[in-house]
Each structure stands twice: as structure tokens, then as C-alpha cells.
>>> print(open('data-v4.cif').read())   # mmCIF, C-alpha atoms and all ligand atoms
data_start
#
loop_
_atom_site.label_atom_id
_atom_site.label_comp_id
_atom_site.auth_asym_id
_atom_site.auth_seq_id
_atom_site.Cartn_x
_atom_site.Cartn_y
_atom_site.Cartn_z
CA MET A 742 -67.78 28.47 10.54
CA GLU A 743 -64.73 28.44 12.84
CA LYS A 744 -62.64 31.61 12.63
CA THR A 745 -59.02 31.11 11.40
CA MET A 746 -56.51 31.95 14.10
CA GLU A 747 -54.40 35.03 13.44
CA ILE A 748 -51.20 36.48 14.89
CA SER A 749 -52.05 39.49 17.04
CA ASN A 750 -50.94 42.92 15.76
CA ASP A 751 -48.92 43.50 18.90
CA VAL A 752 -46.85 40.34 18.28
CA LEU A 753 -46.51 41.10 14.57
CA GLU A 754 -45.09 44.49 15.38
CA LYS A 755 -42.54 42.99 17.77
CA ILE A 756 -41.19 40.28 15.47
CA SER A 757 -41.75 41.45 11.90
CA CYS A 758 -38.63 43.57 11.42
CA VAL A 759 -35.64 41.35 10.67
CA GLU A 760 -32.80 43.69 9.81
CA TYR A 761 -31.23 46.86 11.09
CA ARG A 762 -30.01 49.73 8.94
CA THR A 763 -27.62 52.27 10.36
CA ASP A 764 -28.41 54.37 7.28
CA PRO A 765 -31.91 53.78 5.86
CA ASN A 766 -30.65 54.66 2.39
CA ILE A 767 -27.97 51.98 2.35
CA ARG A 768 -29.12 48.47 1.53
CA THR A 769 -26.91 45.84 3.14
CA ILE A 770 -26.42 42.48 1.41
CA ARG A 771 -28.40 39.91 3.38
CA SER A 772 -27.66 36.19 3.69
CA TYR A 773 -31.30 35.13 3.46
CA SER A 774 -34.42 35.62 1.43
CA LEU A 775 -37.62 35.57 3.44
CA ARG A 776 -40.04 32.76 2.66
CA ALA A 777 -43.46 33.03 4.21
CA GLN A 778 -45.43 29.85 4.49
CA LYS A 779 -48.70 29.30 6.22
CA LEU A 780 -48.33 28.83 9.94
CA GLY A 781 -50.16 26.09 11.83
CA THR A 782 -52.53 26.77 14.71
CA GLU A 783 -49.93 25.67 17.29
CA GLN A 784 -47.35 28.06 15.86
CA ILE A 785 -49.76 31.00 15.87
CA LYS A 786 -50.90 30.18 19.39
CA ALA A 787 -47.28 30.02 20.56
CA LEU A 788 -46.59 33.42 18.99
CA ASN A 789 -49.67 35.01 20.55
CA GLU A 790 -49.07 33.57 24.00
CA HIS A 791 -45.33 33.12 24.55
CA VAL A 792 -43.41 35.75 22.66
CA ASP A 793 -42.71 37.90 25.72
CA GLU A 794 -41.52 34.91 27.73
CA TYR A 795 -39.03 33.42 25.28
CA VAL A 796 -38.24 36.01 22.64
CA VAL A 797 -35.60 38.70 22.86
CA PHE A 798 -36.45 41.66 20.62
CA PHE A 799 -33.92 43.55 18.61
CA GLU A 800 -32.67 46.90 19.82
CA ASN A 801 -29.45 48.68 19.11
CA LYS A 802 -28.22 48.24 22.66
CA PHE A 803 -26.01 45.67 24.41
CA ILE A 804 -28.01 43.16 26.40
CA ASP A 805 -27.28 41.64 29.78
CA LEU A 806 -27.32 37.88 29.15
CA ASN A 807 -27.21 37.04 32.87
CA PHE A 808 -30.34 39.11 33.37
CA ILE A 809 -32.11 37.59 30.36
CA PHE A 810 -31.46 34.01 31.48
CA GLY A 811 -31.65 34.71 35.20
CA ASN A 812 -28.26 33.12 35.89
CA ASP A 813 -24.62 33.38 34.84
CA ASN A 814 -24.33 30.06 33.01
CA LYS A 815 -22.30 29.96 29.81
CA VAL A 816 -24.17 31.08 26.70
CA ILE A 817 -24.06 29.34 23.33
CA VAL A 818 -25.55 31.02 20.26
CA GLU A 819 -26.94 29.09 17.32
CA VAL A 820 -27.22 31.14 14.16
CA GLY A 821 -29.86 30.19 11.57
CA PHE A 822 -31.45 27.38 13.59
CA GLY A 823 -34.01 26.49 10.88
CA ASN A 824 -36.69 24.41 12.57
CA GLY A 825 -34.71 24.43 15.83
CA GLU A 826 -34.27 20.67 16.31
CA ARG A 827 -30.68 21.00 17.41
CA LEU A 828 -31.28 23.95 19.70
CA LEU A 829 -34.08 22.13 21.46
CA ASP A 830 -32.02 18.96 21.77
CA ALA A 831 -29.00 20.89 23.11
CA ALA A 832 -31.09 22.85 25.63
CA LEU A 833 -32.62 19.60 26.92
CA ASN A 834 -29.31 17.73 27.11
CA PHE A 835 -27.15 20.53 28.48
CA PRO A 836 -29.32 22.20 31.15
CA ASP A 837 -26.31 23.96 32.68
CA TYR A 838 -25.81 26.04 29.56
CA ASN A 839 -27.95 28.81 28.15
CA PHE A 840 -28.85 28.81 24.47
CA LEU A 841 -29.72 31.80 22.33
CA GLY A 842 -31.08 30.96 18.89
CA ILE A 843 -31.31 33.46 16.05
CA GLU A 844 -33.40 32.79 12.95
CA VAL A 845 -35.30 34.93 10.45
CA TYR A 846 -37.49 32.13 9.04
CA ILE A 847 -40.84 32.64 10.78
CA ASN A 848 -42.04 29.05 10.37
CA GLY A 849 -39.01 27.52 12.08
CA PHE A 850 -38.94 30.30 14.65
CA SER A 851 -42.57 29.80 15.67
CA ARG A 852 -42.21 26.00 15.60
CA LEU A 853 -39.35 26.17 18.09
CA LEU A 854 -41.25 28.70 20.18
CA TYR A 855 -44.08 26.18 20.42
CA GLU A 856 -41.68 23.37 21.45
CA ILE A 857 -39.93 25.38 24.16
CA SER A 858 -43.16 26.78 25.57
CA GLU A 859 -44.65 23.29 25.75
CA ARG A 860 -41.64 22.13 27.77
CA LYS A 861 -41.36 25.38 29.74
CA LEU A 862 -37.61 25.47 29.15
CA LYS A 863 -35.70 28.09 31.07
CA ASN A 864 -32.32 27.86 29.32
CA ILE A 865 -33.34 28.88 25.82
CA LYS A 866 -34.28 32.22 24.26
CA ILE A 867 -34.84 33.00 20.62
CA MET A 868 -34.68 36.02 18.34
CA ARG A 869 -36.13 36.71 14.92
CA PHE A 870 -33.56 38.98 13.37
CA ASP A 871 -30.45 39.03 11.18
CA ALA A 872 -27.90 37.22 13.33
CA LYS A 873 -25.09 39.45 12.18
CA ASP A 874 -26.90 42.56 13.45
CA VAL A 875 -27.73 40.83 16.73
CA LEU A 876 -24.13 39.79 17.33
CA LYS A 877 -22.76 43.15 16.32
CA TYR A 878 -25.16 45.47 18.10
CA MET A 879 -26.55 43.50 21.03
CA ILE A 880 -23.85 41.13 22.26
CA LYS A 881 -21.00 42.54 24.32
CA ASN A 882 -17.46 41.51 23.47
CA ASP A 883 -15.87 38.49 25.20
CA CYS A 884 -19.07 36.99 26.54
CA LEU A 885 -20.16 33.97 24.45
CA TYR A 886 -18.94 30.45 25.17
CA GLY A 887 -19.90 29.12 21.75
CA ILE A 888 -21.21 30.22 18.38
CA GLU A 889 -22.60 27.48 16.19
CA ILE A 890 -23.91 27.48 12.64
CA PHE A 891 -25.20 24.38 10.90
CA PHE A 892 -25.65 24.21 7.16
CA PRO A 893 -25.65 27.93 6.43
CA ASP A 894 -27.19 28.68 3.03
CA PRO A 895 -24.32 27.92 0.62
CA TRP A 896 -25.43 30.33 -2.13
CA PRO A 897 -23.57 28.22 -4.73
CA LYS A 898 -24.03 30.47 -7.76
CA LYS A 899 -21.06 32.72 -8.39
CA ARG A 900 -23.15 35.89 -8.46
CA HIS A 901 -24.73 34.98 -5.09
CA LYS A 902 -21.57 34.20 -3.13
CA LYS A 903 -21.52 37.67 -1.62
CA LYS A 904 -24.70 36.69 0.23
CA ARG A 905 -22.91 34.04 2.29
CA LEU A 906 -23.16 34.75 5.99
CA VAL A 907 -19.82 33.32 7.07
CA ASN A 908 -17.20 35.60 5.57
CA GLU A 909 -14.30 37.65 6.89
CA ASP A 910 -16.58 40.30 8.34
CA PHE A 911 -18.64 37.69 10.21
CA ILE A 912 -15.52 35.92 11.51
CA ASN A 913 -14.20 39.23 12.85
CA ILE A 914 -17.47 39.78 14.71
CA ILE A 915 -17.54 36.31 16.26
CA SER A 916 -13.91 36.54 17.30
CA GLU A 917 -14.82 39.67 19.29
CA LYS A 918 -17.86 38.08 20.91
CA LEU A 919 -16.32 34.79 22.11
CA VAL A 920 -14.67 34.44 25.51
CA GLU A 921 -11.17 33.06 25.72
CA TYR A 922 -11.34 29.37 24.71
CA GLY A 923 -14.87 29.91 23.49
CA TYR A 924 -15.60 27.91 20.36
CA PHE A 925 -16.85 28.53 16.85
CA ARG A 926 -18.37 25.61 15.00
CA MET A 927 -19.66 25.45 11.47
CA VAL A 928 -21.00 22.35 9.74
CA THR A 929 -21.72 22.35 6.03
CA ASP A 930 -22.07 19.99 3.09
CA SER A 931 -20.54 22.56 0.75
CA GLU A 932 -16.85 21.72 0.54
CA GLU A 933 -16.11 24.92 -1.28
CA TYR A 934 -17.82 27.03 1.44
CA ALA A 935 -15.95 25.08 4.15
CA LEU A 936 -12.61 25.66 2.44
CA SER A 937 -13.25 29.39 2.10
CA VAL A 938 -14.09 29.67 5.81
CA LYS A 939 -11.08 27.56 6.85
CA LYS A 940 -8.87 29.85 4.81
CA ILE A 941 -10.15 32.91 6.69
CA LEU A 942 -9.78 31.17 10.08
CA ASP A 943 -6.27 29.94 9.31
CA LEU A 944 -5.14 33.50 8.72
CA ASP A 945 -6.87 34.78 11.85
CA LYS A 946 -4.49 34.71 14.79
CA SER A 947 -7.34 34.81 17.30
CA PHE A 948 -8.38 31.21 16.55
CA SER A 949 -6.72 27.88 17.12
CA ASP A 950 -7.61 24.38 16.06
CA LEU A 951 -9.35 22.56 18.92
CA ASN A 952 -7.33 19.36 18.41
CA LEU A 953 -4.08 21.26 18.55
CA LEU A 954 -5.04 22.96 21.80
CA VAL A 955 -6.12 19.67 23.32
CA LEU A 956 -2.72 18.22 22.43
CA LEU A 957 -0.82 21.15 23.82
CA ASN A 958 -2.85 21.77 26.95
CA ASP A 959 -4.61 19.95 29.69
CA ASN A 960 -7.23 17.76 28.02
CA LYS A 961 -9.69 18.30 30.88
CA LYS A 962 -9.89 22.00 30.16
CA PHE A 963 -11.72 21.30 26.92
CA THR A 964 -13.95 18.45 28.07
CA ASN A 965 -17.06 20.61 28.02
CA VAL A 966 -16.53 21.84 24.49
CA LYS A 967 -15.83 18.30 23.33
CA GLN A 968 -18.94 16.97 25.04
CA ILE A 969 -21.13 19.50 23.25
CA ILE A 970 -19.59 19.10 19.84
CA ASN A 971 -19.56 15.32 20.06
CA HIS A 972 -23.27 15.25 20.85
CA THR A 973 -25.33 13.87 17.95
CA LEU A 974 -26.26 16.64 15.56
CA VAL A 975 -29.94 16.62 14.72
CA THR A 976 -30.93 19.15 12.10
CA LYS A 977 -33.12 18.89 9.03
CA TYR A 978 -30.27 19.74 6.68
CA ASN A 979 -27.88 17.33 8.37
CA LEU A 980 -30.36 14.49 7.92
CA LYS A 981 -30.91 15.48 4.30
CA ALA A 982 -27.18 15.61 3.56
CA LYS A 983 -26.68 12.19 5.17
CA ALA A 984 -29.61 10.66 3.28
CA GLU A 985 -28.09 11.92 0.05
CA ASN A 986 -24.61 10.64 1.01
CA ARG A 987 -23.03 14.07 0.84
CA VAL A 988 -19.72 14.75 2.58
CA ILE A 989 -20.23 16.75 5.75
CA ASN A 990 -17.50 19.25 6.67
CA SER A 991 -17.12 20.23 10.29
CA ILE A 992 -15.03 23.21 11.33
CA ILE A 993 -14.24 23.77 15.01
CA ARG A 994 -11.97 26.54 16.27
CA LEU A 995 -11.24 27.95 19.68
CA LYS A 996 -10.66 31.56 20.40
CA ILE A 997 -7.24 32.04 21.99
C1 LIG B 1001 -30.02 25.95 5.05
S1 LIG B 1001 -30.91 26.46 6.44
C2 LIG B 1001 -30.24 25.43 7.74
C3 LIG B 1001 -31.16 25.34 8.90
C4 LIG B 1001 -30.67 24.48 10.07
N1 LIG B 1001 -29.49 25.02 10.69
C5 LIG B 1001 -30.44 23.06 9.66
O1 LIG B 1001 -29.28 22.61 9.67
O2 LIG B 1001 -31.43 22.36 9.34
C6 LIG B 1001 -30.17 28.03 6.82
C7 LIG B 1001 -31.00 28.88 7.76
O3 LIG B 1001 -30.29 30.05 8.11
C8 LIG B 1001 -31.21 31.12 8.23
N2 LIG B 1001 -30.46 32.37 8.05
C9 LIG B 1001 -29.75 32.76 6.97
N3 LIG B 1001 -29.16 33.93 7.17
C10 LIG B 1001 -29.51 34.31 8.45
C11 LIG B 1001 -29.20 35.44 9.23
N4 LIG B 1001 -28.43 36.42 8.75
N5 LIG B 1001 -29.71 35.52 10.46
C12 LIG B 1001 -30.51 34.53 10.95
N6 LIG B 1001 -30.84 33.42 10.25
C13 LIG B 1001 -30.33 33.32 9.00
C14 LIG B 1001 -32.22 30.85 7.11
O4 LIG B 1001 -33.45 31.49 7.35
C15 LIG B 1001 -32.34 29.33 7.15
O5 LIG B 1001 -33.39 28.90 7.99
#
>>> encode(input="data-v4.cif", output="C-alpha cells", more="lines below")
Ligand SMILES: C[S@@+](CC[C@H](N)C(=O)[O-])C[C@H]1O[C@@H](n2cnc3c(N)ncnc32)[C@H](O)[C@@H]1O
Amino acid sequence: MEKTMEISNDVLEKISCVEYRTDPNIRTIRSYSLRAQKLGTEQIKALNEHVDEYVVFFENKFIDLNFIFGNDNKVIVEVGFGNGERLLDAALNFPDYNFLGIEVYINGFSRLLYEISERKLKNIKIMRFDAKDVLKYMIKNDCLYGIEIFFPDPWPKKRHKKKRLVNEDFINIISEKLVEYGYFRMVTDSEEYALSVKKILDLDKSFSDLNLLVLLNDNKKFTNVKQIINHTLVTKYNLKAKAENRVINSIIRLKI
């Protein structure tokens, strides 16, 4: 009988930890619950063969993005990329940008790893770790051109709201990490979540509405941001929300 393919121990060790604790006794509230589903042969093969090529591993140390990508192109981070459809599409359509995707869900992570290794893409790297820890501990201030998050888990029950990823603490972190005129974009079908995030951003003096800036400044300056955000958004949750006729809320702010 054919032997079932397994993930090598070396790879498992590199990607199995998903959160960082400054104090091992303090449990931080996390925005995700880990679901493990069976991985397909292609996903396991991609993990065994391509992790070192495309995956950045967590360490409590700032990373050199120019070194990691081998150039100084602008870097856009996608947080919680799910199955990675959008990240793959963006990397293919915007080859002059670098994309760093962060996701804890092993199935989506390994699926995207398979897709990028098949295409041998050079402008995309992925991480399996809590995105908040990655941004906080590994990304230097003032260095990201964009931070995007599509359909973050809405945690609709009142007792779960504290698990939401995009809150004041998260907004403070992203405001530190973005370059001047770098953009933050969040898309969600939870109106209540969108309103709570807008409220935080409206009070934060480090962000401005993109449309307002375009009106006030030279339109050309923001062409690149507009091109990226106007590009068709392909994600599983976006398709699902559209199929179910739910209202989709899009928040775009620029760091000023
Ligand atoms: C509702 S899904 C949306 C997936 C995808 N963006 C889409 O639109 O189809 C939210 C994703 O965020 C991931 N996630 C939640 N919290 C995270 C965190 N702190 N760091 C990295 N990924 C996270 C989850 O694992 C899940 O795959």
C-alpha cells in the first residue's frame, strides 16, 4: 500500500508555533482559533520542499525587508490571507511590489505556498504566525507601503468581541509601521465592526481619508494606491458575502 505523505519534523518545528509570549505565564487574547484540517498531497509537498524559499520564520528581531525580497520595492502586508487568492492575484498583477502575507490557518498557508512555488514568484513571502506579533516585533517602524486585511473574523457575539484583531492597539501598531502616505485597508461585511474601526481611525490624527487627500493634493501622487485598491478583490469571504447579498464595507486610510 502507498505510504501517506507526511510533513517532515524539521518543517513542523519551523512553522508550528503561531504566537509569541513575552511572559510565558500571561495568556494574550488571540483573534483566531486554530482549525486543523487534513492537508492534501500538494500542500504537504509544498511544505516539505519550499518552506525555506518562501517562508519567513518568526523571531523577536526586526527583519530587513530589502534583504528578504532581494530588492527595495515597496512592501504590502496582507494580514489573515485565508486561502491566499488575493495575495497571489496581487503578486501576479503588481510585480513591482513585494507582498508579505501572514496567516495562522495551516491549510490556507500551505495552499498558497503551493501556488507560489508552482509559479516561482519572487515578490511574495509568507509567514505562519500571529500577525500582531509579527508587525510588532519583526517590522521596523515607517517601512510598509500598505497593510491590508480582508474580512477579519468579526467575532459577533458580545463576549467574543475582545478577540477582534482590529482594535485600538492594532491601529496604533499599524500607524507606526506604515511609511508616510502608506495605506491601511480593511474590507468587512460586518457593519458594526467597520463602524468601530472607523471610530478609532477618525480619532487617530496619524490617518487621513484617501479621498480627502486626493482632493487636497496632487492626484498623481496617489495613483499607485488607487490602482491597487481598485483592483478586483478576489477572496473566498468576499465571494461568499457577494453571493449572499451582504453589504461590503471598505475602509481606506492613509498615514499622514
Ligand atoms: C474570515 S477569514 C478571511 C480570510 C480571507 N482574508 C478572505 O477574505 O477570504 C479570517 C482569517 O484571518 C486569520 N487570522 C485571524 N487572526 C489572525 C492573526 N492574528 N494573525 C494571522 N491570521 C489571522 C484566520 O486564520 C482566518 O483565515
>>> residues_near_ligand(input="data-v4.cif", ligand="ligand LIG 1001 (chain B)", cutoff="6 Å", atoms="all atoms listed in the file", output="list in words")
Ser772, Tyr773, Val820, Gly821, Phe822, Gly823, Ile843, Glu844, Val845, Tyr846, Phe870, Asp871, Ala872, Lys873, Phe891, Phe892, Pro893, Asp894, Thr976, Lys977, Tyr978 and Asn979 of chain A
>>> axis_aligned_box(input="data-v4.cif", around="segment 967-970 of chain A", padding_each_side="4 Å", output="AutoDock Vina command-line options")
--center_x -18.5 --center_y 18.2 --center_z 22.4 --size_x 13.3 --size_y 10.5 --size_z 13.2
>>> closest_residue(input="data-v4.cif", among="A:Leu829, A:Ala982, A:Ile847, A:Ile989", to="Ser774 of chain A", atoms="all atoms listed in the file")
A:Ile847
>>> closest_residue(input="data-v4.cif", among="A:Leu954, A:Asp830, A:Glu754, A:Arg776", to="Thr973 of chain A", atoms="only C-alpha atoms")
A:Asp830
>>> residues_around(input="data-v4.cif", residues="Ile941 of chain A", least_positions_apart="5", cutoff="12 Å", atoms="all atoms listed in the file", output="list in words")
Val907, Asn908, Glu909, Asp910, Phe911, Ile912, Asn913, Ser916, Tyr934, Ala935, Leu936, Lys946, Ser947, Phe948, Ile992 and Arg994 of chain A
>>> atom_distance(input="data-v4.cif", atom1="atom CA of Leu919 of chain A", atom2="atom CA of Gly887 of chain A")
6.7 Å
>>> atom_distance(input="data-v4.cif", atom1="atom CA of Ile770 of chain A", atom2="atom CA of Val975 of chain A")
29.3 Å
>>> atom_distance(input="data-v4.cif", atom1="atom CA of Ser749 of chain A", atom2="atom CA of Glu826 of chain A")
25.9 Å
>>> closest_residue(input="data-v4.cif", among="A:Arg827, A:Lys981, A:Arg852, A:Arg762", to="Lys779 of chain A", atoms="only C-alpha atoms")
A:Arg852
>>> residues_around(input="data-v4.cif", residues="Tyr922 of chain A", least_positions_apart="3", cutoff="8 Å", atoms="only C-alpha atoms", output="list in words")
Tyr886, Leu919, Leu995, Lys996 and Ile997 of chain A
>>> closest_residue(input="data-v4.cif", among="A:Lys939, A:Glu760, A:Leu944, A:Asn882", to="Glu921 of chain A", atoms="only C-alpha atoms")
A:Asn882
>>> closest_residue(input="data-v4.cif", among="A:Lys940, A:Arg768, A:Lys786, A:Lys755", to="Tyr855 of chain A", atoms="only C-alpha atoms")
A:Lys786
>>> closest_residue(input="data-v4.cif", among="A:Ser931, A:Ser851, A:Thr964, A:Asn814", to="Val988 of chain A", atoms="all atoms listed in the file")
A:Ser931
>>> residues_around(input="data-v4.cif", residues="Asp793 of chain A", least_positions_apart="2", cutoff="12 Å", atoms="all atoms listed in the file", output="list in words")
Asp751, Val752, Lys755, Ile756, Ala787, Leu788, Asn789, Glu790, His791, Tyr795, Val796, Val797, Phe798, Ile809, Leu854, Ser858, Lys866, Ile867 and Met868 of chain A
